[in-house]
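Dumped coords.cif below, it's mmCIF, C-alpha atoms and all ligand atoms:
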```
data_start
#
loop_
_atom_site.label_atom_id
_atom_site.label_comp_id
_atom_site.auth_asym_id
_atom_site.auth_seq_id
_atom_site.Cartn_x
_atom_site.Cartn_y
_atom_site.Cartn_z
CA MET W 1 10.92 13.13 -25.36
CA SER W 2 12.35 12.25 -21.99
CA GLN W 3 11.08 15.49 -20.49
CA VAL W 4 7.50 14.44 -21.14
CA PHE W 5 7.58 10.76 -20.18
CA PRO W 6 10.74 10.51 -18.13
CA ASN W 7 10.07 7.01 -16.83
CA ALA W 8 9.28 5.52 -20.21
CA GLU W 9 12.23 7.01 -22.03
CA ARG W 10 14.74 7.16 -19.26
CA GLN W 11 18.27 6.42 -20.47
CA PRO W 12 20.75 4.39 -18.42
CA ASP W 13 22.44 6.87 -16.19
CA SER W 14 26.04 6.59 -15.14
CA GLY W 15 25.71 8.37 -11.84
CA SER W 16 24.65 11.81 -13.01
CA GLN W 17 23.32 14.04 -10.28
CA GLU W 18 19.80 14.60 -11.62
CA PHE W 19 17.10 14.27 -8.94
CA LEU W 20 16.29 10.64 -8.22
CA PRO W 21 12.77 10.31 -6.76
CA PHE W 22 11.97 7.45 -4.37
CA CYS W 23 9.39 6.17 -6.83
CA ARG W 24 8.20 6.72 -10.37
CA PRO W 25 5.26 5.02 -12.10
CA SER W 26 5.92 2.49 -14.88
CA ILE W 27 3.77 4.06 -17.58
CA ASP W 28 4.90 3.25 -21.13
CA SER W 29 3.82 4.55 -24.52
CA SER W 30 1.25 1.75 -24.99
CA ASP W 31 -0.43 2.79 -21.72
CA ILE W 32 -0.58 6.36 -22.95
CA GLU W 33 -2.11 5.22 -26.24
CA GLU W 34 -4.79 3.34 -24.30
CA VAL W 35 -5.72 6.49 -22.38
CA VAL W 36 -5.96 8.42 -25.65
CA LYS W 37 -8.20 5.69 -27.10
CA VAL W 38 -10.51 5.93 -24.10
CA LEU W 39 -10.62 9.72 -24.43
CA GLU W 40 -11.45 9.43 -28.12
CA SER W 41 -14.06 6.73 -27.58
CA GLY W 42 -16.63 9.08 -26.09
CA TRP W 43 -16.92 6.85 -22.99
CA ILE W 44 -14.49 8.12 -20.35
CA THR W 45 -16.01 7.12 -17.02
CA SER W 46 -16.63 3.61 -15.60
CA GLY W 47 -17.36 1.05 -18.29
CA ALA W 48 -15.66 -1.70 -20.27
CA LYS W 49 -12.13 -0.81 -19.09
CA VAL W 50 -13.12 -1.05 -15.44
CA ARG W 51 -14.62 -4.45 -16.08
CA GLN W 52 -11.46 -5.53 -17.92
CA LEU W 53 -9.27 -4.31 -15.04
CA GLU W 54 -11.42 -6.21 -12.52
CA GLN W 55 -11.08 -9.36 -14.63
CA ALA W 56 -7.31 -8.88 -14.88
CA ILE W 57 -7.08 -8.59 -11.07
CA SER W 58 -9.24 -11.69 -10.67
CA SER W 59 -6.97 -13.70 -12.93
CA GLU W 60 -3.81 -12.29 -11.31
CA THR W 61 -4.91 -13.08 -7.75
CA GLY W 62 -7.51 -15.80 -8.25
CA CYS W 63 -10.05 -13.79 -6.25
CA LYS W 64 -13.75 -14.44 -6.84
CA HIS W 65 -14.90 -10.81 -6.91
CA ALA W 66 -12.76 -7.78 -7.78
CA ILE W 67 -14.46 -4.41 -7.30
CA ALA W 68 -12.70 -1.34 -8.65
CA VAL W 69 -13.07 1.91 -6.72
CA CYS W 70 -11.50 5.37 -6.89
CA SER W 71 -9.01 4.69 -4.04
CA ALA W 72 -8.13 2.07 -1.46
CA THR W 73 -9.38 4.56 1.12
CA ALA W 74 -12.78 4.60 -0.60
CA GLY W 75 -12.66 0.79 -0.67
CA MET W 76 -12.02 0.68 3.09
CA HIS W 77 -14.89 3.09 3.65
CA LEU W 78 -17.25 0.83 1.68
CA VAL W 79 -16.09 -2.29 3.49
CA LEU W 80 -16.48 -0.69 6.95
CA HIS W 81 -19.96 0.43 5.92
CA GLY W 82 -20.76 -2.95 4.35
CA LEU W 83 -19.71 -4.76 7.53
CA GLY W 84 -21.76 -2.38 9.65
CA ILE W 85 -18.84 -1.03 11.72
CA GLY W 86 -20.03 1.84 13.91
CA PRO W 87 -20.30 3.31 17.41
CA GLY W 88 -19.37 0.89 20.20
CA ASP W 89 -17.25 -1.26 17.87
CA GLU W 90 -13.49 -1.66 18.14
CA VAL W 91 -11.25 -2.27 15.14
CA LEU W 92 -7.78 -3.76 15.61
CA THR W 93 -5.09 -2.38 13.30
CA PRO W 94 -1.42 -1.46 13.58
CA SER W 95 -0.51 2.15 14.30
CA LEU W 96 2.34 1.68 11.83
CA THR W 97 0.11 2.04 8.78
CA TRP W 98 -1.17 4.72 6.47
CA VAL W 99 -3.51 7.12 8.32
CA SER W 100 -6.48 6.45 6.02
CA THR W 101 -7.61 3.25 7.77
CA VAL W 102 -7.58 4.80 11.23
CA ASN W 103 -9.25 8.01 10.02
CA LEU W 104 -12.11 5.97 8.55
CA ILE W 105 -12.54 3.90 11.69
CA VAL W 106 -12.86 7.14 13.68
CA LEU W 107 -15.19 8.71 11.10
CA ALA W 108 -17.41 5.60 11.31
CA GLY W 109 -17.79 6.34 15.03
CA ALA W 110 -15.83 3.20 15.98
CA LYS W 111 -12.67 2.95 18.05
CA PRO W 112 -9.26 2.02 16.63
CA LEU W 113 -7.23 -0.27 18.89
CA PHE W 114 -3.57 -0.27 17.95
CA ILE W 115 -1.54 -3.45 17.82
CA ASP W 116 2.26 -3.54 17.78
CA VAL W 117 4.26 -4.99 14.90
CA ASP W 118 7.33 -7.17 14.56
CA ARG W 119 10.42 -5.02 15.02
CA ASP W 120 11.99 -6.13 11.74
CA THR W 121 9.16 -7.04 9.32
CA LEU W 122 6.79 -4.26 10.54
CA MET W 123 3.90 -6.73 10.37
CA CYS W 124 1.62 -7.88 13.17
CA SER W 125 1.37 -11.51 14.16
CA ALA W 126 -1.61 -13.61 15.19
CA GLU W 127 -0.36 -13.53 18.81
CA MET W 128 -0.22 -9.73 18.84
CA ILE W 129 -3.75 -9.60 17.47
CA GLU W 130 -5.14 -12.18 19.87
CA LYS W 131 -3.73 -10.38 22.93
CA SER W 132 -5.72 -7.25 22.02
CA ILE W 133 -9.10 -8.83 21.24
CA THR W 134 -11.94 -7.68 23.51
CA PRO W 135 -15.67 -8.49 23.46
CA ASN W 136 -16.17 -5.30 21.39
CA THR W 137 -13.66 -6.19 18.66
CA LYS W 138 -15.65 -6.31 15.43
CA LEU W 139 -12.92 -6.24 12.77
CA ILE W 140 -9.19 -6.85 12.27
CA VAL W 141 -7.27 -4.87 9.61
CA PRO W 142 -3.71 -6.24 9.32
CA VAL W 143 -1.28 -4.68 6.83
CA HIS W 144 0.92 -6.50 4.31
CA TYR W 145 4.07 -4.38 4.52
CA ALA W 146 6.38 -3.08 1.80
CA GLY W 147 5.52 -5.99 -0.54
CA ALA W 148 5.95 -8.83 1.95
CA PRO W 149 2.81 -10.85 2.76
CA LEU W 150 1.42 -11.34 6.26
CA ASP W 151 1.20 -14.84 7.72
CA MET W 152 -2.49 -15.10 6.88
CA ASP W 153 -2.86 -18.76 7.97
CA SER W 154 -2.30 -17.93 11.62
CA ILE W 155 -4.14 -14.59 11.52
CA ASN W 156 -7.21 -16.20 9.90
CA GLU W 157 -7.09 -19.02 12.44
CA VAL W 158 -7.23 -16.58 15.38
CA ALA W 159 -9.90 -14.45 13.72
CA LYS W 160 -12.06 -17.48 12.96
CA ARG W 161 -11.72 -18.82 16.49
CA HIS W 162 -13.02 -15.47 17.82
CA GLY W 163 -15.59 -15.03 15.03
CA ILE W 164 -14.15 -11.69 13.91
CA PRO W 165 -13.90 -10.71 10.23
CA VAL W 166 -10.55 -9.72 8.69
CA VAL W 167 -9.97 -7.11 5.99
CA GLU W 168 -6.40 -7.20 4.68
CA ASP W 169 -4.78 -3.90 3.79
CA ALA W 170 -3.08 -5.08 0.60
CA ALA W 171 -2.08 -1.61 -0.66
CA HIS W 172 1.57 -2.77 -0.93
CA ALA W 173 0.92 -6.33 -1.99
CA LEU W 174 0.07 -6.57 -5.70
CA GLY W 175 2.23 -9.51 -6.77
CA SER W 176 2.83 -10.81 -3.21
CA LEU W 177 2.29 -14.51 -2.56
CA PHE W 178 1.99 -16.19 0.84
CA ARG W 179 2.93 -19.88 0.51
CA ASN W 180 2.26 -19.80 -3.26
CA VAL W 181 -1.14 -18.15 -2.79
CA PRO W 182 -1.59 -14.60 -4.09
CA VAL W 183 -2.73 -12.09 -1.48
CA GLY W 184 -6.44 -11.46 -1.99
CA GLN W 185 -7.30 -14.91 -3.35
CA SER W 186 -9.47 -15.68 -0.33
CA GLY W 187 -11.06 -13.51 2.31
CA THR W 188 -11.33 -9.76 1.76
CA ALA W 189 -8.34 -7.61 0.80
CA ILE W 190 -7.98 -4.08 -0.55
CA TYR W 191 -5.34 -3.11 -3.10
CA SER W 192 -4.35 0.49 -3.83
CA LEU W 193 -3.63 1.75 -7.34
CA GLN W 194 -2.46 5.16 -6.09
CA ALA W 195 0.42 6.85 -7.89
CA ILE W 196 3.31 5.31 -5.92
CA LYS W 197 1.99 1.72 -5.82
CA ASN W 198 3.42 -1.15 -7.93
CA VAL W 199 0.48 -0.81 -10.34
CA THR W 200 -1.13 2.59 -10.60
CA THR W 201 -4.14 4.22 -12.21
CA ALA W 202 -3.03 7.61 -10.72
CA GLU W 203 -5.70 7.11 -8.06
CA GLY W 204 -7.65 3.90 -7.64
CA GLY W 205 -8.24 0.79 -5.58
CA ILE W 206 -9.56 -2.75 -5.86
CA ILE W 207 -11.49 -4.70 -3.26
CA CYS W 208 -11.03 -8.47 -3.60
CA THR W 209 -13.50 -10.68 -1.79
CA ASP W 210 -14.80 -14.24 -1.86
CA ASP W 211 -18.00 -13.21 -0.05
CA ASP W 212 -20.83 -13.10 -2.64
CA GLU W 213 -23.21 -11.10 -0.50
CA LEU W 214 -20.59 -8.52 0.53
CA ALA W 215 -19.49 -8.19 -3.11
CA GLU W 216 -23.00 -7.46 -4.28
CA ARG W 217 -23.42 -4.88 -1.54
CA LEU W 218 -20.06 -3.20 -2.27
CA ARG W 219 -20.87 -2.95 -5.99
CA ARG W 220 -24.03 -1.13 -5.15
CA LEU W 221 -22.51 1.04 -2.39
CA ARG W 222 -19.79 2.25 -4.76
CA PHE W 223 -22.43 3.80 -7.05
CA HIS W 224 -25.22 5.53 -5.15
CA GLY W 225 -26.64 2.26 -3.85
CA LEU W 226 -28.25 1.55 -7.21
CA GLY W 227 -29.42 -2.01 -7.70
CA ALA W 228 -28.29 -2.85 -11.21
CA ASP W 229 -24.57 -2.36 -11.71
CA ALA W 230 -24.86 -3.19 -15.42
CA PHE W 231 -23.01 -0.92 -17.77
CA ASP W 232 -24.57 -0.95 -21.20
CA ARG W 233 -22.67 0.62 -24.06
CA GLU W 234 -25.72 0.81 -26.32
CA SER W 235 -27.78 2.81 -23.90
CA HIS W 236 -24.66 4.66 -22.67
CA GLY W 237 -24.94 3.86 -19.02
CA ARG W 238 -26.74 1.75 -16.57
CA LEU W 239 -30.33 0.83 -17.08
CA PRO W 240 -32.52 3.85 -16.49
CA SER W 241 -34.73 1.60 -14.40
CA ALA W 242 -31.98 1.04 -11.77
CA GLU W 243 -33.27 1.94 -8.32
CA VAL W 244 -31.66 2.88 -5.04
CA ILE W 245 -31.66 -0.24 -2.86
CA GLU W 246 -29.87 1.56 -0.01
CA PRO W 247 -28.10 4.93 0.17
CA GLY W 248 -24.60 4.58 -1.30
CA TYR W 249 -21.50 6.58 -2.16
CA LYS W 250 -19.90 7.58 -5.46
CA TYR W 251 -16.57 5.81 -5.49
CA ASN W 252 -16.42 4.41 -9.03
CA LEU W 253 -13.16 4.37 -11.03
CA PRO W 254 -13.22 6.05 -14.49
CA ASP W 255 -12.21 4.04 -17.60
CA MET W 256 -9.49 6.57 -18.42
CA ASN W 257 -7.80 5.56 -15.18
CA ALA W 258 -8.65 1.86 -15.34
CA CYS W 259 -6.97 1.36 -18.73
CA LEU W 260 -3.59 2.36 -17.21
CA GLY W 261 -3.82 -0.51 -14.72
CA ILE W 262 -4.55 -3.15 -17.36
CA GLY W 263 -1.27 -2.50 -19.19
CA GLN W 264 0.81 -2.57 -16.00
CA LEU W 265 -0.88 -5.76 -14.77
CA ASN W 266 0.17 -7.47 -18.00
CA ARG W 267 3.77 -6.52 -17.20
CA LEU W 268 3.54 -7.04 -13.42
CA SER W 269 5.85 -10.05 -13.12
CA ASP W 270 8.57 -8.29 -15.15
CA LEU W 271 8.14 -5.04 -13.22
CA ASN W 272 8.29 -6.80 -9.84
CA ALA W 273 11.28 -8.93 -10.97
CA LYS W 274 13.11 -5.71 -11.81
CA ARG W 275 12.26 -4.35 -8.35
CA ALA W 276 13.53 -7.57 -6.73
CA GLY W 277 16.88 -7.32 -8.54
CA LEU W 278 17.41 -3.72 -7.42
CA ALA W 279 16.33 -4.56 -3.86
CA GLN W 280 18.91 -7.35 -3.78
CA MET W 281 21.67 -4.85 -4.59
CA TYR W 282 20.59 -2.73 -1.62
CA ALA W 283 20.32 -5.76 0.65
CA ASP W 284 23.84 -6.90 -0.28
CA ALA W 285 25.28 -3.45 0.35
CA PHE W 286 23.53 -2.77 3.67
CA GLY W 287 23.69 -6.29 5.08
CA GLU W 288 27.05 -5.66 6.73
CA MET W 289 26.41 -2.11 7.95
CA ASP W 290 25.67 -1.28 11.59
CA GLU W 291 24.18 2.17 10.92
CA ILE W 292 21.55 1.04 8.41
CA ARG W 293 19.25 -1.90 8.92
CA PRO W 294 16.92 -3.02 6.10
CA LEU W 295 13.61 -4.67 6.98
CA ALA W 296 13.76 -8.42 7.52
CA ILE W 297 12.25 -10.84 5.04
CA PRO W 298 9.56 -13.11 6.57
CA ALA W 299 10.82 -16.60 7.43
CA TYR W 300 7.82 -18.40 5.84
CA PRO W 301 7.70 -19.19 2.10
CA HIS W 302 6.52 -16.18 0.10
CA VAL W 303 7.03 -14.04 -2.97
CA HIS W 304 7.92 -10.44 -2.14
CA ALA W 305 6.47 -7.71 -4.39
CA TRP W 306 9.23 -5.26 -3.37
CA HIS W 307 6.86 -2.32 -3.28
CA LEU W 308 9.20 -0.30 -1.04
CA PHE W 309 12.81 -0.66 0.05
CA ILE W 310 12.72 0.44 3.67
CA VAL W 311 15.66 0.79 6.03
CA ARG W 312 15.98 1.88 9.63
CA VAL W 313 18.59 4.53 10.38
CA ILE W 314 20.25 3.33 13.59
CA THR W 315 20.42 6.74 15.22
CA GLU W 316 22.19 5.31 18.30
CA ARG W 317 25.29 5.03 16.11
CA LEU W 318 25.01 8.40 14.41
CA SER W 319 25.25 12.04 15.38
CA ILE W 320 22.28 12.93 13.13
CA THR W 321 18.56 12.22 13.38
CA ARG W 322 16.51 10.29 10.82
CA ASP W 323 15.09 13.55 9.47
CA GLU W 324 18.61 14.96 9.06
CA PHE W 325 19.66 11.77 7.29
CA MET W 326 16.78 12.26 4.82
CA GLN W 327 17.83 15.90 4.37
CA GLU W 328 21.42 14.82 3.63
CA LEU W 329 20.14 12.52 0.87
CA LYS W 330 17.97 15.31 -0.49
CA GLU W 331 21.01 17.57 -0.69
CA ARG W 332 22.57 14.88 -2.88
CA ASN W 333 19.48 14.94 -5.11
CA ILE W 334 18.12 11.67 -3.77
CA GLY W 335 14.47 11.49 -2.77
CA THR W 336 13.20 9.42 0.16
CA GLY W 337 9.85 8.48 1.65
CA LEU W 338 8.60 7.71 5.16
CA HIS W 339 6.36 4.64 5.43
CA PHE W 340 5.08 5.31 8.00
CA ARG W 341 5.05 7.71 10.88
CA ALA W 342 2.95 5.88 13.51
CA VAL W 343 -0.65 7.06 13.38
CA HIS W 344 -0.68 7.78 17.14
CA HIS W 345 2.20 10.25 16.60
CA HIS W 346 0.00 12.46 14.36
CA LYS W 347 -1.38 15.57 16.04
CA TYR W 348 -5.06 14.57 16.13
CA TYR W 349 -4.33 11.15 17.62
CA ARG W 350 -1.57 12.40 19.95
CA GLU W 351 -4.06 14.77 21.50
CA ARG W 352 -6.99 12.37 21.75
CA VAL W 353 -5.82 8.83 22.37
CA THR W 354 -5.94 8.49 26.13
CA GLU W 355 -5.28 4.79 26.72
CA ASP W 356 -1.86 3.38 27.55
CA LEU W 357 0.11 2.76 24.37
CA SER W 358 3.29 1.50 26.00
CA HIS W 359 2.82 -1.86 24.25
CA LEU W 360 3.66 -0.16 20.92
CA GLU W 361 7.37 -0.48 21.60
CA ASN W 362 8.44 -1.74 18.16
CA THR W 363 6.11 0.71 16.44
CA ASN W 364 7.62 3.66 18.30
CA TRP W 365 11.19 2.51 17.71
CA ASN W 366 10.62 2.17 13.98
CA SER W 367 8.51 5.29 13.56
CA ASP W 368 11.56 7.42 14.42
CA ARG W 369 14.01 5.49 12.25
CA LEU W 370 12.23 4.47 9.02
CA VAL W 371 13.37 5.74 5.64
CA THR W 372 12.19 4.53 2.23
CA LEU W 373 14.95 4.57 -0.38
CA PRO W 374 14.39 4.96 -4.15
CA LEU W 375 13.02 1.80 -5.77
CA PHE W 376 11.15 1.65 -9.07
CA PRO W 377 11.47 -0.51 -12.18
CA ALA W 378 13.04 2.15 -14.41
CA MET W 379 15.93 2.65 -11.96
CA THR W 380 19.30 1.55 -13.24
CA ASP W 381 21.99 -0.37 -11.35
CA ALA W 382 24.00 2.86 -11.44
CA ASP W 383 21.14 4.68 -9.67
CA VAL W 384 21.18 2.07 -6.90
CA ARG W 385 24.96 2.33 -6.59
CA ARG W 386 24.61 6.10 -6.35
CA VAL W 387 22.15 5.77 -3.43
CA ILE W 388 24.35 3.18 -1.71
CA SER W 389 27.45 5.35 -1.90
CA ALA W 390 25.54 8.41 -0.69
CA VAL W 391 24.22 6.41 2.29
CA LYS W 392 27.72 5.13 3.09
CA GLU W 393 29.21 8.59 2.81
CA ILE W 394 26.56 10.12 5.08
CA THR W 395 26.84 7.41 7.72
CA THR W 396 30.65 7.48 7.71
CA ARG W 397 30.79 11.23 7.97
CA ASN W 398 28.24 11.30 10.81
CA ALA W 399 29.36 8.22 12.76
CA LYS W 400 29.34 8.64 16.53
C1 LIG Z 501 -1.47 3.81 -0.09
C2 LIG Z 501 -2.00 3.12 1.11
C3 LIG Z 501 -3.36 3.17 1.46
C4 LIG Z 501 -4.35 4.06 0.78
O1 LIG Z 501 -4.43 3.91 -0.58
P1 LIG Z 501 -5.20 5.01 -1.45
O2 LIG Z 501 -5.44 4.32 -2.75
O3 LIG Z 501 -4.27 6.18 -1.57
O4 LIG Z 501 -6.44 5.36 -0.75
C5 LIG Z 501 -3.79 2.40 2.52
N1 LIG Z 501 -2.94 1.66 3.24
C6 LIG Z 501 -1.63 1.60 2.96
C7 LIG Z 501 -0.75 0.73 3.80
C8 LIG Z 501 -1.11 2.35 1.90
O5 LIG Z 501 0.21 2.32 1.65
#
```

I need this file expressed as structure tokens, please.
Ligand SMILES: *Cc1c(COP(=O)(O)O)cnc(C)c1O
Amino acid sequence: MSQVFPNAERQPDSGSQEFLPFCRPSIDSSDIEEVVKVLESGWITSGAKVRQLEQAISSETGCKHAIAVCSATAGMHLVLHGLGIGPGDEVLTPSLTWVSTVNLIVLAGAKPLFIDVDRDTLMCSAEMIEKSITPNTKLIVPVHYAGAPLDMDSINEVAKRHGIPVVEDAAHALGSLFRNVPVGQSGTAIYSLQAIKNVTTAEGGIICTDDDELAERLRRLRFHGLGADAFDRESHGRLPSAEVIEPGYKYNLPDMNACLGIGQLNRLSDLNAKRAGLAQMYADAFGEMDEIRPLAIPAYPHVHAWHLFIVRVITERLSITRDEFMQELKERNIGTGLHFRAVHHHKYYRERVTEDLSHLENTNWNSDRLVTLPLFPAMTDADVRRVISAVKEITTRNAK
């Protein structure tokens, strides 16, 4: 019944005015059956399904180690801990990112140093990173944005020259390729499987790394710091002899969540191709408009995962603010998102960050203009046309 699984059963819609959310997970009836099977199996927490999901991520990205955790935020926490980031250390990251990274840097007792981003791709470049490196910089966390990959060749080159590790925030990048290489294949990258991401387990994350030692440490840190990570179905759990090697956290992903990700990963290229087709319709419609400017596509060879379709509302040309523009869409039953409000604009950071942030010019400009439009694989062409005509109507009516 469409009421129960609206995304799975959604009928083509010829412009009806039902609420159109900005995203909706791609869960089908086979995914639901898998969850039921896990529930009926008697083994519902981390086990065979987690291992299968990790293997599926490894074969999708080519990464050496894939470590499933209960969120990308938890993954970032483990990596910061695993790399020993703490008081006196500085971590370079954009302010135009999700707040979780910066929160964790602060909670670790380290200092976030914000780098600006390109005005039109919202991604930082190697030059922007290099300008901000100090003797205390201990980590760089660049963000692949909206489904487009960062230029990792130049970022890795700068990081290597300065001897600073890089952890890629790949929350948006499942299915993204930089020069034919999947994000996460080398180095350390963290994917999110949270509800709005291209592949979701409701909540979840995956750390990809090619560092054997770090991988071993992360596997243990995600489960109490216990030495043996072995799951053994016969004995229903890990070996009773497993010992704490170092104090750890409890960030494991349950099998009932993991099984959802396996199904979507099998369909990932189809799902992302559907996203790309819808995104192209938006790009064609907005390409000629002065009031709406979509993000730019990186100039280097890549495959875009089209996680989000983000535009900037050019408020200089309108008599309404970005927030009013979002409200106008809401009144037309069209949902939007905001990815992201700059971290330094949030209350806690506004009140505490004392250094000069005037270099964050592109971040500030975008933070006040960004809007994420509906984009998900079950959307129809008619849905996209409905959003496009609403946007055109709003901008025409409110033109300066
Ligand atoms: C979603 C997201 C995260 C956090 O992912 P969770 O799985 O919700 O912890 C981190 N960074 C970016 C850029 C994100 O979009």

Could you check how far atom O2 of ligand LIG 501 (chain Z) sits from CA of Asp118 in chain W, in Å to one decimal?
-> 24.4 Å

Could the residues that lie within 10 Å of ligand LIG 501 (chain Z), counting only C-alpha atoms and all ligand atoms, be listed as a PDB file with C-alpha atoms, in the coordinates of the input?
```
ATOM      1  CA  VAL W  69     -13.070   1.910  -6.720  1.00  0.00           C
ATOM      2  CA  CYS W  70     -11.500   5.370  -6.890  1.00  0.00           C
ATOM      3  CA  SER W  71      -9.010   4.690  -4.040  1.00  0.00           C
ATOM      4  CA  ALA W  72      -8.130   2.070  -1.460  1.00  0.00           C
ATOM      5  CA  THR W  73      -9.380   4.560   1.120  1.00  0.00           C
ATOM      6  CA  ALA W  74     -12.780   4.600  -0.600  1.00  0.00           C
ATOM      7  CA  GLY W  75     -12.660   0.790  -0.670  1.00  0.00           C
ATOM      8  CA  MET W  76     -12.020   0.680   3.090  1.00  0.00           C
ATOM      9  CA  HIS W  77     -14.890   3.090   3.650  1.00  0.00           C
ATOM     10  CA  LEU W  96       2.340   1.680  11.830  1.00  0.00           C
ATOM     11  CA  THR W  97       0.110   2.040   8.780  1.00  0.00           C
ATOM     12  CA  TRP W  98      -1.170   4.720   6.470  1.00  0.00           C
ATOM     13  CA  VAL W  99      -3.510   7.120   8.320  1.00  0.00           C
ATOM     14  CA  SER W 100      -6.480   6.450   6.020  1.00  0.00           C
ATOM     15  CA  THR W 101      -7.610   3.250   7.770  1.00  0.00           C
ATOM     16  CA  VAL W 102      -7.580   4.800  11.230  1.00  0.00           C
ATOM     17  CA  PRO W 142      -3.710  -6.240   9.320  1.00  0.00           C
ATOM     18  CA  VAL W 143      -1.280  -4.680   6.830  1.00  0.00           C
ATOM     19  CA  HIS W 144       0.920  -6.500   4.310  1.00  0.00           C
ATOM     20  CA  TYR W 145       4.070  -4.380   4.520  1.00  0.00           C
ATOM     21  CA  ALA W 146       6.380  -3.080   1.800  1.00  0.00           C
ATOM     22  CA  GLU W 168      -6.400  -7.200   4.680  1.00  0.00           C
ATOM     23  CA  ASP W 169      -4.780  -3.900   3.790  1.00  0.00           C
ATOM     24  CA  ALA W 170      -3.080  -5.080   0.600  1.00  0.00           C
ATOM     25  CA  ALA W 171      -2.080  -1.610  -0.660  1.00  0.00           C
ATOM     26  CA  HIS W 172       1.570  -2.770  -0.930  1.00  0.00           C
ATOM     27  CA  ALA W 173       0.920  -6.330  -1.990  1.00  0.00           C
ATOM     28  CA  ILE W 190      -7.980  -4.080  -0.550  1.00  0.00           C
ATOM     29  CA  TYR W 191      -5.340  -3.110  -3.100  1.00  0.00           C
ATOM     30  CA  SER W 192      -4.350   0.490  -3.830  1.00  0.00           C
ATOM     31  CA  LEU W 193      -3.630   1.750  -7.340  1.00  0.00           C
ATOM     32  CA  GLN W 194      -2.460   5.160  -6.090  1.00  0.00           C
ATOM     33  CA  ALA W 195       0.420   6.850  -7.890  1.00  0.00           C
ATOM     34  CA  ILE W 196       3.310   5.310  -5.920  1.00  0.00           C
ATOM     35  CA  LYS W 197       1.990   1.720  -5.820  1.00  0.00           C
ATOM     36  CA  THR W 200      -1.130   2.590 -10.600  1.00  0.00           C
ATOM     37  CA  THR W 201      -4.140   4.220 -12.210  1.00  0.00           C
ATOM     38  CA  ALA W 202      -3.030   7.610 -10.720  1.00  0.00           C
ATOM     39  CA  GLU W 203      -5.700   7.110  -8.060  1.00  0.00           C
ATOM     40  CA  GLY W 204      -7.650   3.900  -7.640  1.00  0.00           C
ATOM     41  CA  GLY W 205      -8.240   0.790  -5.580  1.00  0.00           C
ATOM     42  CA  ILE W 206      -9.560  -2.750  -5.860  1.00  0.00           C
ATOM     43  CA  HIS W 307       6.860  -2.320  -3.280  1.00  0.00           C
ATOM     44  CA  LEU W 308       9.200  -0.300  -1.040  1.00  0.00           C
ATOM     45  CA  HIS W 339       6.360   4.640   5.430  1.00  0.00           C
ATOM     46  CA  PHE W 340       5.080   5.310   8.000  1.00  0.00           C
TER      47      PHE W 340
END
```

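With all atoms listed in the file as the atoms that count, the residue of W:Glu316, W:Glu216, W:Glu324, W:Asp368 with the shortest distance to Gly82 in chain W is W:Glu216.
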
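Between CA of Val117 in chain W and CA of Thr363 in chain W the separation is 6.2 Å.
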
Just give me the residues with any atom within 10 Å of (6.2, -4.1, 17.6), file coordinates, counting only C-alpha atoms, written as JSON, numbers by chain.
-> {"W": [94, 95, 96, 115, 116, 117, 118, 119, 120, 121, 122, 123, 124, 125, 128, 359, 360, 361, 362, 363, 364, 365, 366]}

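Our summary of the geometry notes that CA of Met152 in chain W is positioned 13.4 Å from CA of Ala299 in chain W.
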
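Contact shell of Glu127 in chain W at 10 Å (only C-alpha atoms; same-chain neighbours under 4 positions omitted): Lys131, Ser132, Ser154, Ile155 and Val158 of chain W.
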
What would the file look like if the residues just selected were written as a PDB file, in the frame of the given file with C-alpha atoms?
```pdb
ATOM      1  CA  LYS W 131      -3.730 -10.380  22.930  1.00  0.00           C
ATOM      2  CA  SER W 132      -5.720  -7.250  22.020  1.00  0.00           C
ATOM      3  CA  SER W 154      -2.300 -17.930  11.620  1.00  0.00           C
ATOM      4  CA  ILE W 155      -4.140 -14.590  11.520  1.00  0.00           C
ATOM      5  CA  VAL W 158      -7.230 -16.580  15.380  1.00  0.00           C
TER       6      VAL W 158
END
```

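If only C-alpha atoms are the atoms counted, then among W:Asp151, W:Glu60, W:Val199, W:Glu18 the closest residue to Gly261 in chain W is W:Val199.
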
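Comparing the minimum interatomic distances between Pro301 in chain W and each of W:Arg317, W:Lys400, W:Lys274, W:Arg179, counting all atoms listed in the file, we find that W:Arg179 sits nearest.
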
Identify which of the residues W:Gly263, W:Pro135, W:Pro21, W:Gly227 lies closest to Glu33 in chain W, counting only C-alpha atoms when measuring atom-to-atom distances.
-> W:Gly263

Name the residues in contact with Pro112 in chain W at a cut-off of 12 Å, using only C-alpha atoms, excluding same-chain residues fewer than 3 positions from it; report them as number ranges by chain.
-> W: 85-95, 99-109, 115, 132-133, 136-141, 343-344, 349, 352-355

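Nearest-residue note for Ser241 in chain W: choosing from W:Val38, W:Arg322, W:Leu226, W:Asp210, the minimum distance belongs to W:Leu226, counting all atoms listed in the file.
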
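Non-sequential neighbours of Ser46 in chain W (distance at most 10 Å, separation of 6 or more positions within a chain, only C-alpha atoms) are W:Ala68, W:Val69, W:Phe231, W:Gly237, W:Asn252, W:Leu253, W:Pro254, W:Asp255, W:Met256, W:Asn257, W:Ala258.
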
Looking at W:Ala66, W:Ile292, W:Ala399, W:Ala305, which one is nearest to Ser176 in chain W, with distances taken over only C-alpha atoms?
-> W:Ala305
